[in-house]
Each structure stands twice: as structure tokens, then as C-alpha cells.
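Engineer: A single structure is presented below for examination.
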Amino acid sequence: MRSIKDYADIVGEETIEEIKKLGSYLNGKIIQNINSTSVGGGVAEILSRIIPLLKEIGVDARWDFIKGGERFFEITKKIHNSLHGVEENISESDFRHFLDVTDENLKEINLLGDIIFIHDPQPIGLINVKGKNGFKEKKFIWRCHIDLSSANTNTFNFLKRFIEKYDYSVFSSPLFAKKLKIPQILIAPSIDPLSDKNKDLQVETINQVLERFHINPERRIMTQISRFDRLKDPLGVIDVYRLVKKYVDCQLVLAGGAATDDPEGTEVYNEVLEKAGGDKDIFVLNLPPISNIEINALQRASTVILQKSIKEGFGLTVSEGLWKSKPVVASAVGGIPLQITHKYSGLLSRTIEGTALYAKQILQNPEYAKQLGKNGHNHVKHNFLITRHLRDYILLFLKTGYRQDTVYL
Amino acid sequence: MEATVKYPFKFYTRLTLPQLTGIYALNLKELLDGIKKADSSIIYYHTHHYLIQHHYVIPDAPNDFAHWVIYTLGEKLLGEEITSMDMFNYNTMDNYKQELVKRLTAFISKDLKTRRVEMNERFNFMKAITFVMSTGKEAYSLREFHDILKNITIFSVYYHFFESHFRPIFGLDDFSIWIKNELQLPDLAAKIANLDPYSVTIDKLKEQIINYTERYL
């Protein structure tokens, strides 16, 4: 288990001291996080890292889950997709079932927190206790990890009746939010610099991974790490590679997972293999979900990292690449422009041709590449590490105790 | 034996959480309307958060208005005009806002057509929820001041150097006031007061103050 002290070497002792002191103002408060699962998905991953750190600095942070059967989670999956703008058929009976399961959870769950921090839509209905005896003094926060900008109106309106009962809502980017009557706080997600996916690796480890996949460490490597998903445009990345390859020799690594229970993922993976057409310099790696060290090594071995998404959530793989001081060329979609300032901490592109042009510039100008990587690393260090995330959550919890916008602690 | 003073320098720090106001602009006219309606906390957020978020970068367009006007609307002339407005010439955010409104109005009145951007390129008006906290560190001498300064976050430097300009006594930073009044070192105080924080990074600013201080130890 990592300790808060372990981060001092990265962000400085003074930053850790500041976080600890802020945390001390939450003495006596219970912060109860509630979501739908302890494993799998980005929410569980971040909570599993942040809650132990909160506890270590003396904040009484708890973590509970709601229950729901297969049908409930099928419905919440449809709600999730629909909020992302995907057409889904959610019937009245589905919404009714969602409300019934919410009622069952309200009977079973012990809402003991002073601050109740609800994550994503699945447990959103727990807010229905607000205002009832025993809950009047409690503060409720809804943390939305989803981009709502293209949400289906019907689905959003169904959730809005719950959202607007909360004291605060939290979004990852201004672009992900919707107009609401309650305060909307912005807290970006983060990466953990000490996790297997991001920690420093020995050169031998990196070389072993390259050797295992038969990638030549002596030649330039262009990499995209992402699921085999059409929205990540892996086929477009192959087009980029072919445009680049006309002028600059390089290898292409497309690495990610294609879950066996995701028929589209497998379909896209097969299309990528077909498009690669046996090119010995294209490495299509379908990795199991536990391949964090492999992903880390592939990013660290890369000469340039791409994230040519058509649509993106926050796109934290960009921060992962930048953290490793790698030059990144990424699409200007979702949360990516928050992570890359064009021509300063990376390059933002909008087309296959543009991506290829920038990739060529990086591959042929190592000094430029180095500077972009260095600036990108600094930007992530100050804005997208877990310590900043921890500090923002503490500030959010503190804010629930004050009405004014300037708080003197 | 080093001189100590009666009133110590108490180091505070300032941390913020951004909050959306729900107001946004898709073109220059809407930006102007938003600025007119914005209170001081909104103007302050958009003129200063960039410095904190990119505190290791030499500011290019060091406020959000200028950045959006240059890089999203492509209005480089107006953007440069906004960028070069010296914040320290204005005692209050309202004074700064009035000047900003004047310049934007003048530009728009020339009937220049400026582009209307897509929703995903909009300017979102935001404000900061601010938390001010004592670090618990106090300096009774220049040596202690120097040693503490080396080990505080840039948020603390920001509080004592930038925010102080907009508190009574206007236009001065907390460091130089204390060094002049308590340590009786007017030359050092003047050197620090003359630093231009809008054209260097906060990291660099901190380093410069430390370097100046070292010369008087």
C-alpha cells in the first residue's frame, strides 16, 4: 500500500504538508462515498487510491456500494450510454425498475456520512432521503464522471430531477456539464504516478517487454494505447502511420484490450488486423486488463504517442504519455485540450493528415520532441496527479460547511 | 546574532476550486456581455487562474480572455491589446473590468466581423471558490523568512504577491511591506516590490525573491 509520504519526492514535501493541514479541518466529519462497484472501471480505480490516502491523513472517509440485480445494471449501462449520446431504448418500465431498486437501496444502506458523496448515475436516487428527519444536516454531492454534453434529453431529464436536489455537483470539464440550478464544481481526474501503469521502469524491463512483442528498440516507435473501439479510431491511426512511413521509417504499436464480452471490440480488433495486412512493422497487441507494466513500458519506449480519438471522455491516456515525458499528438476532443497546450505541451490535431504531419515533425526533430515532452510532464505534474485530485476533494468537502465564496480556514 | 523582529511574517496559502457560472460566450459580443455582467470574482478568476495552472510557464496570453480571443477567435490584435493590460495599474478588479469593456466595445464598434465558434470551443465564465489557510509558519528574521520561503508552495507565494496587490494597502506585496516595515531593509523591499510577476513564472518569481534575500543574509 502506498503512503502519502511516497508522493513527496514527486510533488514536494510542502505540497504534502499543505494537503495534511487542509485535511485536519475535516476532523469529526464522516465522508461517505457511494458508487455501484468496488472493482472495474475508472471510478472504482480512483476511489481505491484516494480513500486510503484520505484515511492516512486523518479524514474519516468511507466507501459503500448500492446493490442491484442484473436488470438494474443493464438499465444503468443503457443510461450510461445514453448520457454519452448513444441511441438506447430505455422504456418507462426500465425507469420504474431503476426507481424501485433505488427505494430498496434506501431501505438497506446506512447513510451515516456527514457528507455523502455519490458517484455517477447508478446511486443518484439516494438523494431522495434529503430533507427527511435525520438527514437535514447532511450535505449531498453528486460526482459526474461522464461527459453530458451530448446526453439524450429524455434520459438527462429523468436524472435531472435527482441532480438538482443535491447541494453540489462535480464535473471533470466545463465542456462535460449541463445547465443546472445547483453549483457545478470542476475537478479534473488524475493519474497515479506510483501505479504500475505510470511508475518509473528500469531500461531492462522496457527492453524485455519490447523483446516479448518482437518490437525493435533501435527503430522509432509510434504508439497508440487504447481499447479497440471505433471512437479511438485505430484504423485512422494506421492511415496516419502509412502517411508518415512514406517519409520516415518507424514502427507502429496499437495496444489495448478487446474484452471478450464486447462483440464490437472484437470486430474492431479484427478490422485493425485486416487493415494492418501483415505489415511486419505494425504491432497490434490485444492485451489482458492486467497489462499495466506492459502499457507503461510501451509508452516509455515510444518516440511519439498518438491519441487519435474521434470522441473522448477526459482522455487520461494523454496525461499518462505526457507524464513519461513523451511527445503526444492527440485529437482536440473531450478533455484532451485541457491536457495539451498546442505546440507547447504536445500537439493537437483534427484530421488524419494533420496527425501525420505532426508525427513526422516530432520523429524528425528530437530536440523539439524532447521539449514538448518536458513541458507536458510539467503540466501533468502540476495539474493531473492524484495529489492535486486529493486536495481538490478535500476543498470540496470543506466548502460544504460554508456559504461564502471566500473561506478563511 | 541575527536581528529578530516583534511582528513575524505569517505565511498563508490560498487554494481554489473553480465553479461554473453557467454563462458562456460563442463570439466577441457575447464575451463582452458576459464580462459586463461578471462580478469581481469571475474577472479575477479569468485573469489569474492561468498563472497558477501554468505557473512553470512564461505566460504567453496570461489571462483566459486574451487566450480565447487569440487562440479561439483568432483576433490577434485585440488579444495582444488585452494581454498587455498591466494588472497592477488597476487597484480593483472592477477598474480592470471597465477598461476591458472599453477596449472590447471599441473593437466591436469598428464593425469587424468576428467568428462565432462551436459549442465545444465556447468561453465558459467561471469563478473561484477561495480558501485561505495559515501554513502555521512564521518568520522573525530574514534568515527564517528565507528558509521558510524555500519550503512553501507556489500557492503561498501567489497569495502574498498577487492577491496582496488587490488588498489595502493597494499595489504592494506582503513580502516587501514586512521587509521594509519590520526588518527595516528598504532596498531589499524595493527590489522585491519591483518584480514583475506577470512576465515571469511563479516558480521564477519565488526563486528571484529567494536570491535577493540571500544577498542580505
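Naming scheme: A, B, ... for chains in displayed order of the C-alpha cells; residues 1 onward per chain; ligands 1 onward as shown.
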List every residue of chain A that has an atom at most 10 Å from any atom of chain B, and for each one report the closest atom pair and its distance in Å to one decimal, counting only C-alpha atoms, with rows sorted by chain and then by increasing residue number, as a tab-separated table.

Structural biologist:
```
residue	atom	partner	partner_atom	distance
A:Val11	CA	B:Thr153	CA	9.9
A:Gly12	CA	B:Thr153	CA	8.6
A:Glu13	CA	B:Asn151	CA	8.0
A:Glu14	CA	B:Ile152	CA	5.5
A:Thr15	CA	B:Thr153	CA	6.3
A:Ile16	CA	B:Thr153	CA	9.8
A:Glu17	CA	B:Thr135	CA	8.8
A:Glu18	CA	B:Thr135	CA	7.3
A:Lys21	CA	B:Thr135	CA	7.8
A:Leu22	CA	B:Met133	CA	8.0
A:Ser149	CA	B:Asn120	CA	8.9
A:Ser169	CA	B:Gln19	CA	9.9
A:Val170	CA	B:Gln19	CA	9.0
A:Phe171	CA	B:Leu20	CA	9.5
A:Ser173	CA	B:Leu20	CA	9.7
A:Pro174	CA	B:Leu20	CA	7.0
A:Leu175	CA	B:Asn120	CA	6.4
A:Phe176	CA	B:Asn120	CA	9.5
A:Ala177	CA	B:Leu20	CA	8.7
A:Lys178	CA	B:Gly22	CA	8.2
A:Lys179	CA	B:Gly22	CA	6.0
A:Leu180	CA	B:Gly22	CA	7.8
A:Lys181	CA	B:Gly22	CA	9.2
A:Pro183	CA	B:Gln19	CA	7.1
A:Gln184	CA	B:Leu20	CA	5.5
A:Ile185	CA	B:Gln19	CA	4.4
A:Leu186	CA	B:Pro18	CA	5.6
A:Ile187	CA	B:Leu17	CA	7.7
A:Ala332	CA	B:Asn120	CA	9.9
A:Val333	CA	B:Asn120	CA	8.5
A:Gly334	CA	B:Asn120	CA	8.5
A:His342	CA	B:Tyr71	CA	9.9
A:Tyr344	CA	B:Val57	CA	9.5
A:Asn375	CA	B:Val57	CA	8.5
A:Asn378	CA	B:Tyr56	CA	7.6
A:His379	CA	B:His54	CA	7.0
A:His382	CA	B:Gln53	CA	7.3
A:Asn383	CA	B:Gln53	CA	6.9
A:Arg391	CA	B:Leu15	CA	9.1
A:Asp392	CA	B:Leu17	CA	6.8
A:Tyr393	CA	B:Leu17	CA	9.4
A:Leu395	CA	B:Leu17	CA	7.1
A:Leu396	CA	B:Leu17	CA	7.5
A:Leu398	CA	B:Phe131	CA	9.1
A:Lys399	CA	B:Ile129	CA	8.2
A:Gln404	CA	B:Ile129	CA	8.3
A:Asp405	CA	B:Ile129	CA	4.8
A:Thr406	CA	B:Thr130	CA	4.6
A:Val407	CA	B:Phe131	CA	4.7
A:Tyr408	CA	B:Val132	CA	4.9
A:Leu409	CA	B:Met133	CA	5.2
```

Engineer: Residues of segment 6-233 of chain A in alpha helix (DSSP H) according to DSSP, as number ranges by chain?

Structural biologist: A: 8-11, 13-24, 41-56, 70-83, 92-108, 153-163, 203-212

Engineer: My list of candidates is B:Ser40, B:Ser164, B:Ser199, B:Ser109. Which is closest to Thr83 of chain B when distances are computed with only C-alpha atoms?

Structural biologist: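 Looking at the shortest contact to Thr83 of chain B, the residue is B:Ser199.
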
Engineer: Please identify all polymer residues within 12 Å of segment 277-286 of chain A, counting only C-alpha atoms, omitting same-chain residues fewer than 6 positions from it, and present them as a PyMOL selection string.

Structural biologist: chain A and resi 209-210+212-216+219-228+234-235+237-239+241-242+245+249-260+265-266+268-271+294-295+298

Engineer: Excluding segment 4-9 of chain B and any residue of its chain fewer than 6 positions from it, enumerate the residues within 12 Å of it, using only C-alpha atoms, and give them as a PyMOL selection string.

Structural biologist: chain B and resi 134-146+148-149+160+174-184

Engineer: Go through A:Leu106, A:Leu316, A:Ile141, A:Ile206 one by one, measure the shortest atom-to-atom distance of each to Leu385 of chain A using only C-alpha atoms, and give the residue with the smallest value.

Structural biologist: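 Counting only C-alpha atoms, the residue closest to Leu385 of chain A is A:Leu316.
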
Engineer: Give me, as a PyMOL selection string, all polymer residues having an atom no more than 12 Å from Phe397 of chain A, counting only C-alpha atoms and skipping those fewer than 3 positions away in the same chain.

Structural biologist: (chain A and resi 22-27+29-33+54+59-61+113-117+138-142+167-170+185+390-394+400-402) or (chain B and resi 17+131)

Engineer: Take the selection from the previous step and output its residues with N, CA, C and O atoms, as a short mmCIF file (atom, residue, chain, number, x, y, z; two decimals), in the first residue's frame.

Structural biologist:
```cif
data_model
loop_
_atom_site.label_atom_id
_atom_site.label_comp_id
_atom_site.auth_asym_id
_atom_site.auth_seq_id
_atom_site.Cartn_x
_atom_site.Cartn_y
_atom_site.Cartn_z
N LEU A 22 -4.87 20.83 5.35
CA LEU A 22 -6.25 21.01 4.88
C LEU A 22 -7.14 19.90 5.42
O LEU A 22 -8.25 20.14 5.89
N GLY A 23 -6.63 18.68 5.35
CA GLY A 23 -7.39 17.52 5.82
C GLY A 23 -7.76 17.64 7.30
O GLY A 23 -8.83 17.18 7.72
N SER A 24 -6.91 18.29 8.06
CA SER A 24 -7.17 18.40 9.51
C SER A 24 -8.44 19.21 9.79
O SER A 24 -9.06 19.04 10.84
N TYR A 25 -8.85 20.05 8.85
CA TYR A 25 -10.07 20.83 9.05
C TYR A 25 -11.34 19.99 8.86
O TYR A 25 -12.44 20.47 9.08
N LEU A 26 -11.16 18.75 8.44
CA LEU A 26 -12.33 17.86 8.30
C LEU A 26 -12.50 16.95 9.51
O LEU A 26 -13.32 16.02 9.49
N ASN A 27 -11.73 17.23 10.55
CA ASN A 27 -11.83 16.43 11.77
C ASN A 27 -13.26 16.32 12.26
O ASN A 27 -13.96 17.32 12.35
N LYS A 29 -15.72 14.87 10.78
CA LYS A 29 -16.70 14.67 9.70
C LYS A 29 -16.50 13.29 9.07
O LYS A 29 -15.36 12.85 8.87
N ILE A 30 -17.60 12.68 8.75
CA ILE A 30 -17.51 11.40 8.01
C ILE A 30 -17.87 11.70 6.55
O ILE A 30 -18.91 12.29 6.26
N ILE A 31 -16.96 11.29 5.67
CA ILE A 31 -17.19 11.45 4.23
C ILE A 31 -17.57 10.08 3.69
O ILE A 31 -16.74 9.16 3.69
N GLN A 32 -18.80 9.94 3.26
CA GLN A 32 -19.25 8.62 2.78
C GLN A 32 -19.38 8.63 1.26
O GLN A 32 -20.22 9.31 0.69
N ASN A 33 -18.48 7.87 0.62
CA ASN A 33 -18.53 7.72 -0.83
C ASN A 33 -19.46 6.55 -1.17
O ASN A 33 -19.39 5.50 -0.53
N LEU A 54 -6.88 9.56 1.95
CA LEU A 54 -7.68 10.41 2.84
C LEU A 54 -7.60 9.89 4.26
O LEU A 54 -7.40 10.64 5.22
N VAL A 59 -8.63 11.84 7.57
CA VAL A 59 -10.02 12.10 7.19
C VAL A 59 -10.79 10.79 7.28
O VAL A 59 -10.35 9.76 6.77
N ASP A 60 -11.95 10.86 7.94
CA ASP A 60 -12.77 9.65 8.10
C ASP A 60 -13.57 9.41 6.81
O ASP A 60 -14.72 9.80 6.69
N ALA A 61 -12.91 8.80 5.83
CA ALA A 61 -13.55 8.54 4.54
C ALA A 61 -14.02 7.09 4.49
O ALA A 61 -13.28 6.18 4.85
N GLY A 113 -22.84 9.21 6.70
CA GLY A 113 -21.87 10.30 6.49
C GLY A 113 -22.44 11.68 6.80
O GLY A 113 -23.65 11.89 6.72
N ASP A 114 -21.54 12.58 7.16
CA ASP A 114 -21.94 13.98 7.28
C ASP A 114 -21.99 14.58 5.88
O ASP A 114 -22.77 15.46 5.58
N ILE A 115 -21.06 14.09 5.05
CA ILE A 115 -21.03 14.49 3.64
C ILE A 115 -21.18 13.21 2.84
O ILE A 115 -20.39 12.27 2.99
N ILE A 116 -22.22 13.18 2.02
CA ILE A 116 -22.47 11.95 1.25
C ILE A 116 -22.13 12.25 -0.21
O ILE A 116 -22.72 13.14 -0.84
N PHE A 117 -21.14 11.51 -0.68
CA PHE A 117 -20.53 11.78 -1.98
C PHE A 117 -20.92 10.65 -2.93
O PHE A 117 -20.40 9.54 -2.85
N LYS A 138 -27.18 16.86 6.69
CA LYS A 138 -26.15 16.24 5.84
C LYS A 138 -26.03 16.98 4.51
O LYS A 138 -27.00 17.54 4.02
N LYS A 139 -24.82 16.94 3.97
CA LYS A 139 -24.59 17.56 2.66
C LYS A 139 -24.42 16.47 1.62
O LYS A 139 -23.75 15.46 1.86
N PHE A 140 -25.04 16.69 0.49
CA PHE A 140 -25.01 15.69 -0.59
C PHE A 140 -24.30 16.26 -1.82
O PHE A 140 -24.62 17.36 -2.27
N ILE A 141 -23.35 15.49 -2.34
CA ILE A 141 -22.63 15.92 -3.55
C ILE A 141 -22.78 14.83 -4.61
O ILE A 141 -22.62 13.64 -4.30
N TRP A 142 -23.07 15.24 -5.84
CA TRP A 142 -23.11 14.26 -6.93
C TRP A 142 -21.90 14.47 -7.83
O TRP A 142 -21.69 15.57 -8.36
N ASP A 167 -26.66 19.28 -3.07
CA ASP A 167 -26.11 20.59 -2.68
C ASP A 167 -25.07 21.05 -3.71
O ASP A 167 -24.96 22.25 -3.97
N TYR A 168 -24.32 20.12 -4.25
CA TYR A 168 -23.28 20.44 -5.23
C TYR A 168 -23.20 19.33 -6.27
O TYR A 168 -23.49 18.17 -5.97
N SER A 169 -22.77 19.72 -7.46
CA SER A 169 -22.43 18.70 -8.46
C SER A 169 -20.97 18.93 -8.84
O SER A 169 -20.44 20.03 -8.67
N VAL A 170 -20.32 17.88 -9.32
CA VAL A 170 -18.91 17.98 -9.70
C VAL A 170 -18.73 17.37 -11.09
O VAL A 170 -19.17 16.25 -11.35
N ILE A 185 -19.08 22.34 -9.59
CA ILE A 185 -17.66 22.49 -9.30
C ILE A 185 -16.88 21.68 -10.33
O ILE A 185 -17.33 20.62 -10.76
N LEU A 390 -6.67 14.81 -4.75
CA LEU A 390 -6.93 14.65 -3.31
C LEU A 390 -7.20 16.01 -2.67
O LEU A 390 -8.15 16.19 -1.90
N ARG A 391 -6.35 16.98 -3.01
CA ARG A 391 -6.50 18.33 -2.45
C ARG A 391 -7.85 18.93 -2.87
O ARG A 391 -8.57 19.50 -2.04
N ASP A 392 -8.22 18.77 -4.14
CA ASP A 392 -9.49 19.33 -4.62
C ASP A 392 -10.68 18.69 -3.91
O ASP A 392 -11.66 19.37 -3.59
N TYR A 393 -10.62 17.38 -3.69
CA TYR A 393 -11.73 16.72 -2.98
C TYR A 393 -11.84 17.25 -1.55
O TYR A 393 -12.93 17.49 -1.05
N ILE A 394 -10.70 17.46 -0.89
CA ILE A 394 -10.75 17.98 0.48
C ILE A 394 -11.38 19.38 0.46
O ILE A 394 -12.24 19.71 1.28
N THR A 400 -18.61 22.51 1.69
CA THR A 400 -19.99 22.21 2.09
C THR A 400 -20.35 22.83 3.44
O THR A 400 -21.52 22.96 3.77
N GLY A 401 -19.33 23.23 4.20
CA GLY A 401 -19.58 23.83 5.51
C GLY A 401 -19.68 25.35 5.47
O GLY A 401 -19.86 25.98 6.53
N TYR A 402 -19.54 25.95 4.31
CA TYR A 402 -19.54 27.42 4.21
C TYR A 402 -20.44 27.88 3.07
O TYR A 402 -20.47 27.24 2.03
N LEU B 17 -11.04 26.33 -5.87
CA LEU B 17 -11.81 25.35 -6.64
C LEU B 17 -12.59 26.13 -7.68
O LEU B 17 -13.31 27.08 -7.33
N PHE B 131 -9.99 29.43 -0.71
CA PHE B 131 -9.73 29.01 0.67
C PHE B 131 -8.40 29.61 1.10
O PHE B 131 -7.38 29.41 0.44
#
```

Engineer: Using DSSP secondary structure from the backbone, list all strand (DSSP E or B) positions within segment 332-387 of chain A, as a PyMOL selection string.

Structural biologist: chain A and resi 342+346-349+385

Engineer: Only N, CA, C and O atoms, please: the residues just picked out, written as a short mmCIF file (atom, residue, chain, number, x, y, z; two decimals), in the first residue's frame.

Structural biologist:
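The resulting file, result.cif, is shown below:
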```
data_model
loop_
_atom_site.label_atom_id
_atom_site.label_comp_id
_atom_site.auth_asym_id
_atom_site.auth_seq_id
_atom_site.Cartn_x
_atom_site.Cartn_y
_atom_site.Cartn_z
N HIS A 342 -1.40 23.41 -27.40
CA HIS A 342 -0.84 23.13 -28.72
C HIS A 342 0.53 23.79 -28.93
O HIS A 342 0.71 24.98 -28.67
N GLY A 346 2.49 19.56 -26.29
CA GLY A 346 2.06 18.48 -27.17
C GLY A 346 1.47 19.12 -28.41
O GLY A 346 1.56 20.34 -28.59
N LEU A 347 0.87 18.29 -29.26
CA LEU A 347 0.28 18.83 -30.49
C LEU A 347 -1.16 18.35 -30.61
O LEU A 347 -1.45 17.18 -30.37
N LEU A 348 -2.06 19.27 -30.98
CA LEU A 348 -3.47 18.93 -31.14
C LEU A 348 -3.80 18.85 -32.62
O LEU A 348 -3.47 19.76 -33.37
N SER A 349 -4.46 17.77 -33.00
CA SER A 349 -4.78 17.61 -34.42
C SER A 349 -6.27 17.35 -34.58
O SER A 349 -6.98 17.08 -33.60
N LEU A 385 -2.06 15.01 -11.33
CA LEU A 385 -1.63 13.92 -10.47
C LEU A 385 -2.62 13.74 -9.33
O LEU A 385 -3.36 14.65 -8.96
#
```

Engineer: So which residues touch segment 360-364 of chain A within 8 Å, counting only C-alpha atoms, skipping near sequence neighbours fewer than 4 positions away, as a PyMOL selection string?

Structural biologist: chain A and resi 220+244+247-248+303-304+327+356+368-369

Engineer: Please identify all polymer residues within 8 Å of Ile127 of chain A, counting only C-alpha atoms, omitting same-chain residues fewer than 5 positions from it, and present them as an MDAnalysis selection string.

Structural biologist: chainID A and resid 140 162 165:166

Engineer: Tell me, in Å to one decimal, how far atom CA of Ile42 of chain B is from atom CA of Tyr24 of chain B.

Structural biologist: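 Going from atom CA of Ile42 of chain B over to atom CA of Tyr24 of chain B covers 12.1 Å.
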
Engineer: Go through A:Lys55, A:His80, A:Lys199, A:Lys343 one by one, measure the shortest atom-to-atom distance of each to Gln299 of chain A using only C-alpha atoms, and give the residue with the smallest value.

Structural biologist: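 Checking each of A:Lys55, A:His80, A:Lys199, A:Lys343 against Gln299 of chain A, counting only C-alpha atoms, the winner is A:Lys199.
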
Engineer: To one decimal place, how far is atom CA of Phe162 of chain B from atom CA of Thr72 of chain B in Å?

Structural biologist: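 For atom CA of Phe162 of chain B relative to atom CA of Thr72 of chain B, the distance reads 27.2 Å.
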
Engineer: Between atom CA of Trp323 of chain A and atom CA of His377 of chain A, what is the distance in Å, rounded to a tenth?

Structural biologist: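 Result for atom CA of Trp323 of chain A versus atom CA of His377 of chain A: 4.5 Å, one decimal.
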